[in-house]
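Asker: To be precise about what I am sending: the file is called model.cif and holds mmCIF, C-alpha atoms.
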```
data_protein
#
loop_
_atom_site.label_atom_id
_atom_site.label_comp_id
_atom_site.auth_asym_id
_atom_site.auth_seq_id
_atom_site.Cartn_x
_atom_site.Cartn_y
_atom_site.Cartn_z
CA MET A 2 -41.95 -11.57 -22.79
CA ALA A 3 -43.67 -9.55 -20.14
CA THR A 4 -42.51 -8.31 -16.80
CA LEU A 5 -44.17 -6.24 -14.19
CA VAL A 6 -42.43 -2.91 -13.75
CA ASN A 7 -43.99 -0.26 -11.53
CA GLY A 8 -47.35 -1.93 -11.85
CA GLN A 9 -47.31 -1.84 -15.60
CA VAL A 10 -46.93 -4.61 -18.06
CA ARG A 11 -43.84 -4.07 -20.08
CA VAL A 12 -43.49 -6.20 -23.17
CA GLU A 13 -39.89 -6.92 -23.86
CA SER A 14 -38.53 -6.81 -27.34
CA GLN A 15 -38.19 -10.22 -28.84
CA LEU A 16 -35.00 -12.10 -29.62
CA ASP A 17 -31.88 -10.59 -28.20
CA ALA A 18 -29.14 -11.76 -30.52
CA THR A 19 -26.36 -10.12 -28.53
CA LEU A 20 -27.17 -12.25 -25.50
CA LEU A 21 -26.56 -15.36 -27.55
CA GLN A 22 -23.22 -14.05 -28.71
CA ALA A 23 -22.06 -12.75 -25.35
CA MET A 24 -22.79 -16.09 -23.74
CA GLY A 25 -20.74 -17.93 -26.31
CA MET A 26 -23.69 -19.99 -27.55
CA THR A 27 -22.75 -21.31 -30.96
CA GLU A 28 -23.93 -24.12 -33.19
CA GLU A 29 -21.05 -26.25 -31.91
CA GLU A 30 -21.90 -25.51 -28.31
CA LEU A 31 -25.51 -26.52 -28.92
CA ALA A 32 -24.40 -29.72 -30.69
CA HIS A 33 -22.14 -30.40 -27.73
CA ARG A 34 -24.90 -30.03 -25.23
CA LYS A 35 -27.27 -32.23 -27.24
CA GLU A 36 -24.59 -34.86 -27.57
CA PHE A 37 -23.95 -34.86 -23.85
CA LEU A 38 -27.66 -35.24 -23.15
CA GLN A 39 -27.77 -37.92 -25.87
CA PHE A 40 -30.60 -36.00 -27.40
CA ASP A 41 -30.82 -37.15 -31.04
CA GLN A 42 -33.05 -37.94 -33.97
CA PRO A 43 -35.31 -40.54 -32.24
CA ASP A 44 -35.92 -38.08 -29.42
CA GLU A 45 -37.00 -35.42 -31.87
CA GLN A 46 -39.34 -37.93 -33.51
CA ASN A 47 -40.75 -38.98 -30.17
CA LEU A 48 -41.50 -35.39 -29.30
CA ALA A 49 -42.95 -34.66 -32.72
CA SER A 50 -45.25 -37.66 -32.36
CA ILE A 51 -47.04 -36.11 -29.40
CA SER A 52 -47.34 -32.67 -30.95
CA ASP A 53 -51.11 -33.05 -31.50
CA LEU A 54 -51.59 -34.59 -28.11
CA ALA A 55 -49.74 -31.70 -26.50
CA GLU A 56 -52.02 -29.27 -28.30
CA SER A 57 -55.06 -31.01 -26.85
CA TYR A 58 -53.89 -31.01 -23.23
CA ALA A 59 -51.94 -27.74 -23.20
CA ASP A 60 -54.75 -25.70 -21.64
CA PRO A 61 -55.66 -27.99 -18.76
CA VAL A 62 -51.99 -28.57 -17.94
CA ILE A 63 -51.22 -24.87 -17.94
CA ASP A 64 -54.28 -24.08 -15.84
CA ALA A 65 -53.24 -26.67 -13.27
CA PHE A 66 -49.70 -25.35 -13.39
CA TYR A 67 -50.77 -21.79 -12.54
CA ARG A 68 -53.17 -23.00 -9.89
CA HIS A 69 -50.13 -24.56 -8.27
CA LEU A 70 -48.01 -21.42 -8.66
CA LEU A 71 -50.77 -19.18 -7.30
CA SER A 72 -51.27 -21.37 -4.26
CA HIS A 73 -47.77 -20.63 -3.00
CA PRO A 74 -46.78 -17.16 -1.77
CA GLU A 75 -43.24 -17.38 -3.14
CA SER A 76 -44.47 -17.85 -6.70
CA ARG A 77 -47.76 -15.97 -6.33
CA ARG A 78 -46.10 -12.58 -5.94
CA PHE A 79 -44.95 -12.69 -9.57
CA PHE A 80 -48.50 -12.89 -10.86
CA GLU A 81 -50.38 -10.41 -8.74
CA ASP A 82 -51.51 -8.39 -11.73
CA SER A 83 -54.19 -10.29 -13.65
CA ARG A 84 -53.02 -8.83 -16.97
CA VAL A 85 -49.54 -10.17 -16.30
CA LEU A 86 -51.01 -13.54 -15.46
CA GLU A 87 -52.97 -13.64 -18.72
CA HIS A 88 -49.94 -12.67 -20.72
CA VAL A 89 -47.69 -15.15 -18.97
CA LYS A 90 -50.21 -17.91 -19.53
CA ARG A 91 -50.22 -17.16 -23.23
CA MET A 92 -46.43 -17.21 -23.27
CA GLN A 93 -46.42 -20.41 -21.28
CA ARG A 94 -48.73 -22.04 -23.80
CA ARG A 95 -46.40 -21.04 -26.59
CA TYR A 96 -43.44 -22.34 -24.62
CA PHE A 97 -45.21 -25.59 -23.89
CA LEU A 98 -46.16 -26.25 -27.48
CA ARG A 99 -42.72 -25.31 -28.68
CA LEU A 100 -41.36 -28.33 -26.80
CA THR A 101 -42.94 -30.72 -29.25
CA GLN A 102 -42.54 -28.74 -32.46
CA GLY A 103 -39.11 -29.99 -33.52
CA HIS A 104 -36.28 -27.81 -34.92
CA TYR A 105 -34.24 -27.54 -31.73
CA ASP A 106 -31.82 -25.14 -33.34
CA MET A 107 -30.23 -21.79 -32.55
CA ALA A 108 -33.55 -19.96 -32.80
CA TYR A 109 -34.86 -22.37 -30.18
CA VAL A 110 -31.86 -21.68 -27.94
CA GLN A 111 -32.31 -17.96 -28.30
CA ASP A 112 -35.95 -18.26 -27.36
CA ARG A 113 -35.02 -20.25 -24.24
CA LEU A 114 -32.25 -17.84 -23.26
CA ASN A 115 -34.65 -14.95 -23.46
CA ILE A 116 -37.04 -16.72 -21.14
CA GLY A 117 -34.20 -17.26 -18.67
CA ALA A 118 -33.25 -13.58 -18.93
CA VAL A 119 -36.81 -12.53 -18.12
CA HIS A 120 -36.92 -14.83 -15.10
CA GLU A 121 -33.67 -13.40 -13.88
CA ARG A 122 -34.85 -9.84 -14.37
CA ILE A 123 -38.06 -10.29 -12.40
CA GLY A 124 -36.00 -11.95 -9.68
CA LEU A 125 -37.57 -15.40 -9.86
CA PRO A 126 -35.35 -17.60 -7.69
CA ILE A 127 -33.80 -20.64 -9.33
CA LYS A 128 -35.36 -22.90 -6.68
CA THR A 129 -38.81 -21.67 -7.66
CA TYR A 130 -38.03 -22.12 -11.33
CA LEU A 131 -36.85 -25.69 -10.80
CA GLY A 132 -39.68 -26.49 -8.42
CA ALA A 133 -42.24 -25.24 -10.91
CA TYR A 134 -40.60 -27.27 -13.63
CA ALA A 135 -40.77 -30.44 -11.56
CA PHE A 136 -44.48 -29.90 -11.08
CA TYR A 137 -44.90 -29.25 -14.78
CA LEU A 138 -43.17 -32.50 -15.71
CA ARG A 139 -45.33 -34.43 -13.30
CA LEU A 140 -48.48 -33.08 -14.94
CA VAL A 141 -47.19 -34.02 -18.36
CA ALA A 142 -46.19 -37.49 -17.16
CA GLN A 143 -49.74 -38.09 -15.90
CA ARG A 144 -51.21 -37.01 -19.23
CA LEU A 145 -48.79 -39.20 -21.14
CA SER A 146 -49.52 -42.30 -19.12
CA GLU A 147 -53.24 -41.69 -19.58
CA ALA A 148 -52.84 -41.25 -23.33
CA PHE A 149 -50.66 -44.34 -23.73
CA GLN A 150 -52.45 -46.65 -21.30
CA ALA A 151 -52.11 -49.53 -23.72
CA LYS A 152 -48.38 -48.95 -24.29
CA PRO A 153 -46.78 -47.74 -21.06
CA GLU A 154 -43.26 -48.32 -22.40
CA ARG A 155 -44.03 -45.92 -25.25
CA ALA A 156 -45.13 -43.30 -22.74
CA MET A 157 -41.89 -43.82 -20.86
CA GLU A 158 -39.83 -43.42 -24.04
CA ILE A 159 -41.52 -40.17 -24.95
CA PHE A 160 -41.25 -38.90 -21.43
CA LEU A 161 -37.51 -39.57 -21.37
CA SER A 162 -37.07 -37.69 -24.64
CA LEU A 163 -39.02 -34.82 -23.19
CA LYS A 164 -36.90 -34.91 -20.09
CA LYS A 165 -33.70 -34.56 -22.10
CA LEU A 166 -35.09 -31.54 -23.87
CA VAL A 167 -36.29 -30.04 -20.61
CA TYR A 168 -32.84 -30.46 -19.10
CA LEU A 169 -31.39 -28.69 -22.12
CA ASP A 170 -33.84 -25.87 -21.47
CA MET A 171 -33.03 -25.71 -17.80
CA GLY A 172 -29.31 -25.62 -18.53
CA LEU A 173 -29.86 -22.66 -20.83
CA ALA A 174 -32.08 -20.85 -18.34
CA ILE A 175 -29.62 -21.29 -15.49
CA ASP A 176 -26.80 -20.15 -17.75
CA THR A 177 -28.64 -16.89 -18.32
CA TYR A 178 -29.03 -16.43 -14.59
CA MET A 179 -25.31 -16.91 -14.06
CA PHE A 180 -24.42 -14.78 -17.02
CA SER A 181 -26.53 -11.87 -15.83
CA ARG A 182 -25.08 -12.03 -12.36
CA GLU A 183 -21.53 -12.26 -13.61
CA ARG A 184 -22.14 -9.30 -15.84
CA THR A 185 -23.49 -7.30 -12.91
CA ILE A 186 -20.49 -8.23 -10.79
CA GLY A 187 -18.13 -7.23 -13.59
CA LEU A 188 -19.82 -3.85 -13.99
CA GLN A 189 -19.69 -3.19 -10.28
CA GLN A 190 -16.03 -4.11 -10.07
CA GLU A 191 -15.28 -1.71 -12.86
CA ALA A 192 -17.24 1.05 -11.15
CA ILE A 193 -15.44 0.49 -7.87
CA ARG A 194 -12.10 0.58 -9.61
CA GLU A 195 -12.81 3.82 -11.34
CA LEU A 196 -14.11 5.41 -8.18
CA SER A 197 -11.19 4.49 -6.05
CA THR A 198 -8.08 5.59 -7.89
CA PRO A 199 -7.95 9.35 -8.14
CA VAL A 200 -4.58 10.93 -8.75
CA LEU A 201 -4.52 14.34 -7.09
CA GLN A 202 -2.16 17.24 -7.48
CA VAL A 203 -1.58 18.99 -4.14
CA ARG A 204 1.25 21.32 -5.12
CA ASP A 205 3.02 22.18 -8.27
CA ARG A 206 4.75 18.96 -9.39
CA LEU A 207 3.52 16.96 -6.40
CA LEU A 208 0.89 14.23 -6.84
CA ILE A 209 -0.93 12.13 -4.29
CA LEU A 210 -2.29 8.67 -5.03
CA PRO A 211 -4.46 7.44 -2.18
CA ILE A 212 -5.13 3.74 -2.69
CA ILE A 213 -8.24 2.33 -1.04
CA GLY A 214 -9.49 -1.24 -1.15
CA VAL A 215 -7.97 -4.33 -2.60
CA ILE A 216 -5.01 -4.35 -4.97
CA ASP A 217 -5.00 -7.15 -7.50
CA SER A 218 -2.96 -7.40 -10.68
CA SER A 219 -5.47 -5.70 -12.92
CA ARG A 220 -6.07 -2.86 -10.49
CA ALA A 221 -2.34 -2.45 -9.87
CA ARG A 222 -1.85 -2.18 -13.59
CA GLN A 223 -4.66 0.29 -14.01
CA LEU A 224 -3.56 2.57 -11.20
CA THR A 225 0.06 2.46 -12.27
CA VAL A 226 -0.83 3.47 -15.80
CA GLN A 227 -3.09 6.20 -14.47
CA LEU A 228 -0.35 7.49 -12.19
CA LEU A 229 2.26 7.44 -14.96
CA GLN A 230 -0.01 9.38 -17.25
CA ALA A 231 -0.72 11.90 -14.50
CA ILE A 232 3.03 12.31 -13.99
CA ARG A 233 3.39 13.11 -17.65
CA VAL A 234 0.45 15.51 -17.79
CA ASN A 235 1.25 17.36 -14.55
CA ARG A 236 5.03 17.18 -15.01
CA ALA A 237 5.19 15.73 -11.52
CA LYS A 238 8.50 15.27 -9.79
CA VAL A 239 7.36 13.66 -6.57
CA VAL A 240 4.49 11.25 -5.97
CA VAL A 241 3.14 10.29 -2.57
CA ILE A 242 1.41 6.88 -2.64
CA ASP A 243 -0.72 6.43 0.44
CA ILE A 244 -1.78 2.88 1.26
CA THR A 245 -3.55 3.54 4.58
CA GLY A 246 -6.75 2.32 2.98
CA VAL A 247 -5.40 -0.89 1.51
CA ALA A 248 -7.18 -3.73 3.22
CA ALA A 249 -4.37 -6.26 3.23
CA VAL A 250 -0.76 -6.06 2.17
CA ASP A 251 1.00 -9.30 1.34
CA SER A 252 4.00 -10.09 -0.80
CA ARG A 253 1.96 -9.84 -4.00
CA VAL A 254 0.63 -6.41 -3.14
CA ALA A 255 4.10 -5.33 -2.05
CA ASN A 256 5.46 -6.53 -5.36
CA HIS A 257 2.87 -4.44 -7.21
CA LEU A 258 3.90 -1.44 -5.14
CA VAL A 259 7.57 -1.95 -5.94
CA GLN A 260 6.70 -2.15 -9.62
CA THR A 261 4.67 1.05 -9.44
CA VAL A 262 7.51 2.83 -7.66
CA GLU A 263 10.05 1.63 -10.23
CA ALA A 264 7.84 2.68 -13.10
CA THR A 265 7.48 6.18 -11.66
CA ARG A 266 11.25 6.35 -11.31
CA LEU A 267 11.62 5.49 -15.00
CA MET A 268 9.41 8.48 -15.70
CA GLY A 269 11.82 10.62 -13.71
CA ALA A 270 9.68 11.00 -10.59
CA THR A 271 10.44 10.11 -6.99
CA SER A 272 7.85 8.08 -5.10
CA ILE A 273 7.17 8.14 -1.40
CA VAL A 274 5.01 5.38 0.04
CA THR A 275 3.10 6.28 3.19
CA GLY A 276 0.57 4.71 5.48
CA LEU A 277 2.18 1.39 6.27
CA SER A 278 0.57 0.48 9.55
CA SER A 279 2.53 -1.35 12.20
CA GLU A 280 0.71 -4.61 11.32
CA VAL A 281 1.50 -4.22 7.66
CA ALA A 282 5.13 -3.37 8.36
CA GLN A 283 5.48 -6.42 10.59
CA THR A 284 3.80 -8.67 8.03
CA LEU A 285 6.15 -7.47 5.31
CA VAL A 286 9.19 -8.03 7.48
CA THR A 287 7.97 -11.48 8.47
CA LEU A 288 7.34 -12.35 4.83
CA GLY A 289 10.80 -11.12 3.97
CA VAL A 290 9.57 -8.66 1.34
CA ASP A 291 12.35 -6.34 0.23
CA LEU A 292 11.11 -2.77 0.17
CA GLY A 293 14.65 -1.43 0.23
CA LYS A 294 14.15 0.36 -3.05
CA VAL A 295 11.01 2.07 -1.80
CA PHE A 296 11.14 5.36 0.03
CA THR A 297 8.68 5.00 2.91
CA VAL A 298 7.42 7.56 5.40
CA GLY A 299 5.07 6.78 8.29
CA ASP A 300 1.98 8.75 7.43
CA LEU A 301 0.58 10.91 4.68
CA GLN A 302 1.47 14.14 6.49
CA GLY A 303 5.08 13.06 6.82
CA GLY A 304 5.08 12.00 3.17
CA ILE A 305 3.84 15.37 1.99
CA GLU A 306 6.35 17.20 4.19
CA GLU A 307 9.15 15.08 2.79
CA ALA A 308 7.91 15.70 -0.75
CA GLU A 309 7.83 19.43 -0.13
CA ARG A 310 11.37 19.30 1.12
CA LEU A 311 12.45 17.44 -2.05
CA LEU A 312 10.71 20.04 -4.19
CA GLY A 313 12.23 22.92 -2.21
CA PHE A 314 8.98 24.15 -0.68
CA ARG A 315 9.03 25.49 2.83
CA VAL A 316 5.80 25.82 4.77
CA VAL A 317 5.91 28.70 7.22
CA ALA A 318 3.21 29.50 9.75
CA ASP A 319 1.78 32.94 9.30
CA ASP A 320 1.97 34.88 12.58
CA SER A 321 -0.91 37.16 11.62
CA GLY A 322 -3.29 34.24 11.21
CA PRO A 323 -5.72 32.97 13.86
CA ALA A 324 -3.95 31.78 16.94
CA MET B 2 18.66 5.80 -38.97
CA SER B 3 21.46 7.19 -36.86
CA VAL B 4 20.87 9.32 -33.79
CA PRO B 5 22.05 12.93 -33.86
CA ILE B 6 24.24 13.84 -30.88
CA LEU B 7 24.20 17.52 -30.00
CA LYS B 8 26.77 19.24 -27.86
CA GLN B 9 25.32 21.73 -25.44
CA GLY B 10 27.91 23.29 -23.13
CA PRO B 11 29.33 20.56 -20.95
CA ASN B 12 26.64 18.09 -21.97
CA LEU B 13 25.84 15.84 -24.88
CA ILE B 14 22.24 15.36 -25.97
CA ALA B 15 21.30 12.26 -27.96
CA SER B 16 17.83 12.75 -29.33
CA ILE B 17 16.34 9.55 -30.66
CA GLN B 18 13.93 10.33 -33.51
CA SER B 19 12.36 7.01 -34.42
CA ALA B 20 12.54 3.29 -33.77
CA LEU B 21 16.13 2.08 -33.86
CA SER B 22 17.66 -1.15 -35.09
CA ASP B 23 20.16 -3.02 -32.95
CA GLU B 24 23.00 -1.69 -35.13
CA ASP B 25 21.81 1.89 -34.64
CA LEU B 26 21.80 1.36 -30.89
CA ILE B 27 25.33 -0.02 -30.88
CA ARG B 28 26.49 2.88 -33.03
CA LEU B 29 24.84 5.32 -30.61
CA ARG B 30 26.62 3.67 -27.68
CA ASP B 31 29.99 3.79 -29.44
CA ASN B 32 29.55 7.39 -30.60
CA LEU B 33 28.56 8.59 -27.16
CA ALA B 34 31.47 6.82 -25.51
CA ALA B 35 33.85 8.38 -28.02
CA GLN B 36 32.40 11.90 -27.87
CA VAL B 37 32.30 12.03 -24.08
CA GLY B 38 36.09 11.77 -24.20
CA GLN B 39 36.48 14.02 -27.18
CA TYR B 40 34.46 16.93 -25.74
CA ARG B 41 35.31 16.19 -22.08
CA SER B 42 31.55 16.19 -21.38
CA LYS B 43 30.19 16.07 -17.86
CA GLY B 44 26.67 14.98 -18.68
CA VAL B 45 24.78 12.94 -21.27
CA VAL B 46 21.06 13.11 -21.90
CA VAL B 47 19.38 10.38 -23.96
CA ASP B 48 15.88 11.33 -25.03
CA VAL B 49 13.72 8.31 -25.80
CA SER B 50 10.34 10.07 -25.88
CA PRO B 51 9.45 9.10 -29.49
CA LEU B 52 9.77 5.40 -28.65
CA ASP B 53 6.52 3.71 -27.77
CA VAL B 54 8.15 0.29 -27.64
CA MET B 55 11.50 -0.72 -26.21
CA ASP B 56 12.86 -4.22 -26.44
CA SER B 57 15.25 -5.81 -24.00
CA PHE B 58 18.21 -5.06 -26.24
CA ALA B 59 17.40 -1.36 -26.32
CA ILE B 60 16.99 -1.26 -22.56
CA ARG B 61 20.25 -3.11 -22.02
CA THR B 62 22.03 -0.77 -24.40
CA LEU B 63 20.71 2.27 -22.52
CA ARG B 64 22.06 0.80 -19.33
CA ASP B 65 25.40 0.08 -21.02
CA ILE B 66 25.56 3.68 -22.25
CA ALA B 67 25.00 4.97 -18.72
CA HIS B 68 27.67 2.71 -17.27
CA THR B 69 30.19 3.31 -20.07
CA THR B 70 29.90 7.07 -19.92
CA LYS B 71 30.16 6.89 -16.16
CA LEU B 72 33.55 5.21 -16.54
CA ARG B 73 34.50 8.00 -18.93
CA GLY B 74 33.52 10.63 -16.36
CA ALA B 75 30.05 11.69 -17.48
CA HIS B 76 26.68 11.33 -15.80
CA THR B 77 23.90 9.96 -18.02
CA ILE B 78 20.19 10.70 -17.65
CA VAL B 79 17.54 8.92 -19.69
CA VAL B 80 14.52 11.11 -20.33
CA GLY B 81 11.07 10.82 -21.83
CA ILE B 82 10.20 7.19 -21.12
CA GLN B 83 6.52 6.84 -22.04
CA PRO B 84 4.08 5.61 -19.37
CA GLU B 85 3.29 2.41 -21.28
CA VAL B 86 6.97 1.74 -21.88
CA ALA B 87 7.79 2.31 -18.21
CA PHE B 88 5.13 -0.13 -17.15
CA ALA B 89 6.25 -2.75 -19.66
CA MET B 90 9.87 -2.40 -18.55
CA VAL B 91 8.95 -2.92 -14.91
CA GLN B 92 6.91 -5.97 -15.78
CA LEU B 93 9.77 -7.43 -17.75
CA GLY B 94 12.05 -6.81 -14.80
CA LEU B 95 14.21 -4.46 -16.88
CA ALA B 96 13.96 -1.35 -14.78
CA LEU B 97 17.28 0.32 -15.71
CA GLU B 98 18.84 -0.27 -12.32
CA GLY B 99 21.33 2.39 -11.36
CA VAL B 100 20.49 4.66 -14.29
CA ALA B 101 19.23 8.18 -13.62
CA THR B 102 15.97 9.19 -15.26
CA ALA B 103 14.07 12.43 -15.70
CA LEU B 104 10.75 13.49 -17.11
CA ASP B 105 12.13 15.50 -20.00
CA LEU B 106 15.16 17.29 -21.39
CA GLU B 107 14.60 20.45 -19.38
CA GLU B 108 14.44 18.48 -16.15
CA ALA B 109 17.59 16.55 -17.02
CA LEU B 110 19.57 19.66 -17.89
CA SER B 111 18.65 21.33 -14.63
CA THR B 112 19.69 18.20 -12.72
CA LEU B 113 23.01 18.11 -14.59
CA GLY B 114 23.49 21.81 -13.96
CA ALA B 115 23.13 21.24 -10.22
CA LEU B 116 25.79 18.51 -10.14
CA PRO B 117 29.05 19.42 -8.43
CA GLY B 118 31.64 20.51 -10.94
CA ALA B 119 29.07 21.69 -13.48
CA ALA B 120 29.96 24.84 -15.34
#
```
The structure given in the file should be rewritten as structure tokens.
Answerer:
Amino acid sequence: MATLVNGQVRVESQLDATLLQAMGMTEEELAHRKEFLQFDQPDEQNLASISDLAESYADPVIDAFYRHLLSHPESRRFFEDSRVLEHVKRMQRRYFLRLTQGHYDMAYVQDRLNIGAVHERIGLPIKTYLGAYAFYLRLVAQRLSEAFQAKPERAMEIFLSLKKLVYLDMGLAIDTYMFSRERTIGLQQEAIRELSTPVLQVRDRLLILPIIGVIDSSRARQLTVQLLQAIRVNRAKVVVIDITGVAAVDSRVANHLVQTVEATRLMGATSIVTGLSSEVAQTLVTLGVDLGKVFTVGDLQGGIEEAERLLGFRVVADDSGPA
Amino acid sequence: MSVPILKQGPNLIASIQSALSDEDLIRLRDNLAAQVGQYRSKGVVVDVSPLDVMDSFAIRTLRDIAHTTKLRGAHTIVVGIQPEVAFAMVQLGLALEGVATALDLEEALSTLGALPGAA
């Protein structure tokens, strides 16, 4: 496969077996898909029967196909480099011939998935992919009806078989699009999570956990475990949990907070929750959430002052300092 | 595997060494209840730091120990609950209500030492 990166043609390594595995594509899954498309033995035979024909019209079809792609700005921008165009044409020819070569097995699936992955990577929109495919099928349909002028029903039969296979291909390609995006989203979520839960020590045995963003079950779990471990490592006695930056607090989030506070208590630490805005406080009261077990203080400053009092610190202004 | 109970001044220290069977836990509860009376102890510390798993029976027994010794006049502190264990307990809804906890033995002893009536 080739993509254009920084003006250079980069040839991708061939078959990516891990992609197949990560996407859960197995023999059974393939059999399932074929069964649903009702793609079976006769279809394979139909396709095999036009293998030689396909060979003979591959070049004109592909030329017409790229003429079409190059005549539209949205698809033209992918082929601005003539070397890329040449390479892609060669790949397209291989792809085209592969349709009628039989053996629609796992190796075939892998090949198709890789094509989808390349399309996704170069940012080819799905609409362009599908639009191009529709054009492609129309070209092939014309060729078939010309070749089988005497037997139009035969042409129709073969075309329907081809269509089933093409839909299998499209399903695979779109799956790779979705898979890549989901993977990106997953990676970003993880990055955001890691960025946003620092546990900070501000005084001996006093930790601060500023929570920013959205709290869901997995994040609540992660930050609780992180906090508990920090309590152990720093021998913390008091923890101030500041939720000023939490976007929305509902009964579920409140429940997570209560659990975090109880867990810190089991570790022998006292928790102070700060930063409940007036809206949040009113919401919680309206919802009837019981935060009776949670020690709350208005803002972070008040929380730290309270924590210092619990720890026996006393902050005294130094008279000799700047006025 | 029974749990050694050490007497330290006015306090008793039960130091759990390894995973305990239900029988061991019951024996620990009975021994502590008996010894609190025998030594007229004011405080009890149960160290659970070697446990990386605690089932509901163990948690309930810890709570029973705290409440029993309370009736016998001693304050119990559970120490050394591991982070993973603490989280699991909270999720199970077994959060040792009404039982004092501390990070470790040192912490617990200083808390007991600060209680009114401590020697």
Asker: With all atoms listed in the file considered, list every residue of chain A at most 6 Å from chain B, as a list in words.
Answerer: Leu229, Gln230, Gln260, Ala264, Leu267, Met268 and Gly269 of chain A
Asker: May I ask for the distance between atom CA of A:Ile159 and atom CA of A:Phe37, given in Å to one decimal place?
Answerer: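 Those two atoms sit 18.4 Å apart.
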Asker: Out of A:Ala221, A:Val247, A:Ala135, A:Ile123, which residue has the shortest atom-to-atom distance to A:Phe79 when counting only C-alpha atoms?
Answerer: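 Among A:Ala221, A:Val247, A:Ala135, A:Ile123, it is A:Ile123 that comes nearest to A:Phe79.
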Asker: Take every atom of stretch 87-105 of chain B listed in the file, fit an axis-aligned box around them, add 4 Å per side, and give the centre and edge lengths in Å to one decimal as AutoDock Vina command-line options.
Answerer:
```
--center_x 13.2 --center_y 4.0 --center_z -15.7 --size_x 24.2 --size_y 30.9 --size_z 16.6
```
Asker: Counting all atoms listed in the file, what is within 8 Å of A:Ser252, bar same-chain residues fewer than 5 positions away, as a PDB file with C-alpha atoms, keeping the file's coordinate frame?
Answerer:
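Result saved to around_11.pdb:
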```pdb
ATOM      1  CA  LEU A 285       6.150  -7.470   5.310  1.00  0.00           C
ATOM      2  CA  LEU A 288       7.340 -12.350   4.830  1.00  0.00           C
ATOM      3  CA  VAL A 290       9.570  -8.660   1.340  1.00  0.00           C
TER       4      VAL A 290
END
```
Asker: Could you tell me how far atom CA of B:Ala67 sits from atom CA of B:Leu29, in Å to one decimal place?
Answerer: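 It comes out at 11.9 Å.
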Asker: To one decimal place in Å, what is the distance between atom CA of A:Arg233 and atom CA of A:Ser272?
Answerer: 14.2 Å
Asker: Counting only C-alpha atoms, which of B:Gln36, B:Lys71, B:Ile66, B:Val49 gets nearest to B:Gln18?
Answerer: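 Among the listed residues, the smallest separation from B:Gln18 belongs to B:Val49.
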Asker: Return the single residue from B:Leu72, B:Leu106, B:Ala59, B:Leu93 that is closest to B:Ile14, with distances computed using only C-alpha atoms.
Answerer: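 Ranked by minimum distance to B:Ile14, first place goes to B:Leu106.
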Asker: Please write the residues picked by the PyMOL selection byres ((chain A and resi 181) around 12) on this file as a ChimeraX atom specification.
Answerer: /A:20,23-24,114-115,117-122,124,174-180,182-188
Asker: Given the point (22.4, 10.9, -25.9) in the coordinates of this file, which residues lie within 9 Å, counting only C-alpha atoms, and how would they look as a list of chain:residue names?
Answerer: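 The residues near that point, listed by chain and number, are B:Val4, B:Pro5, B:Ile6, B:Leu7, B:Leu13, B:Ile14, B:Ala15, B:Ser16, B:Ile17, B:Leu29, B:Arg30, B:Leu33, B:Val45, B:Val46, B:Val47, B:Asp48, B:Ile66, B:Thr77, B:Ile78, B:Val79.
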Asker: For the provided coordinates, the residues matched by the PyMOL selection byres ((chain A and resi 238) around 6) should be stated as a PyMOL selection string.
Answerer: chain A and resi 206+237+239+270
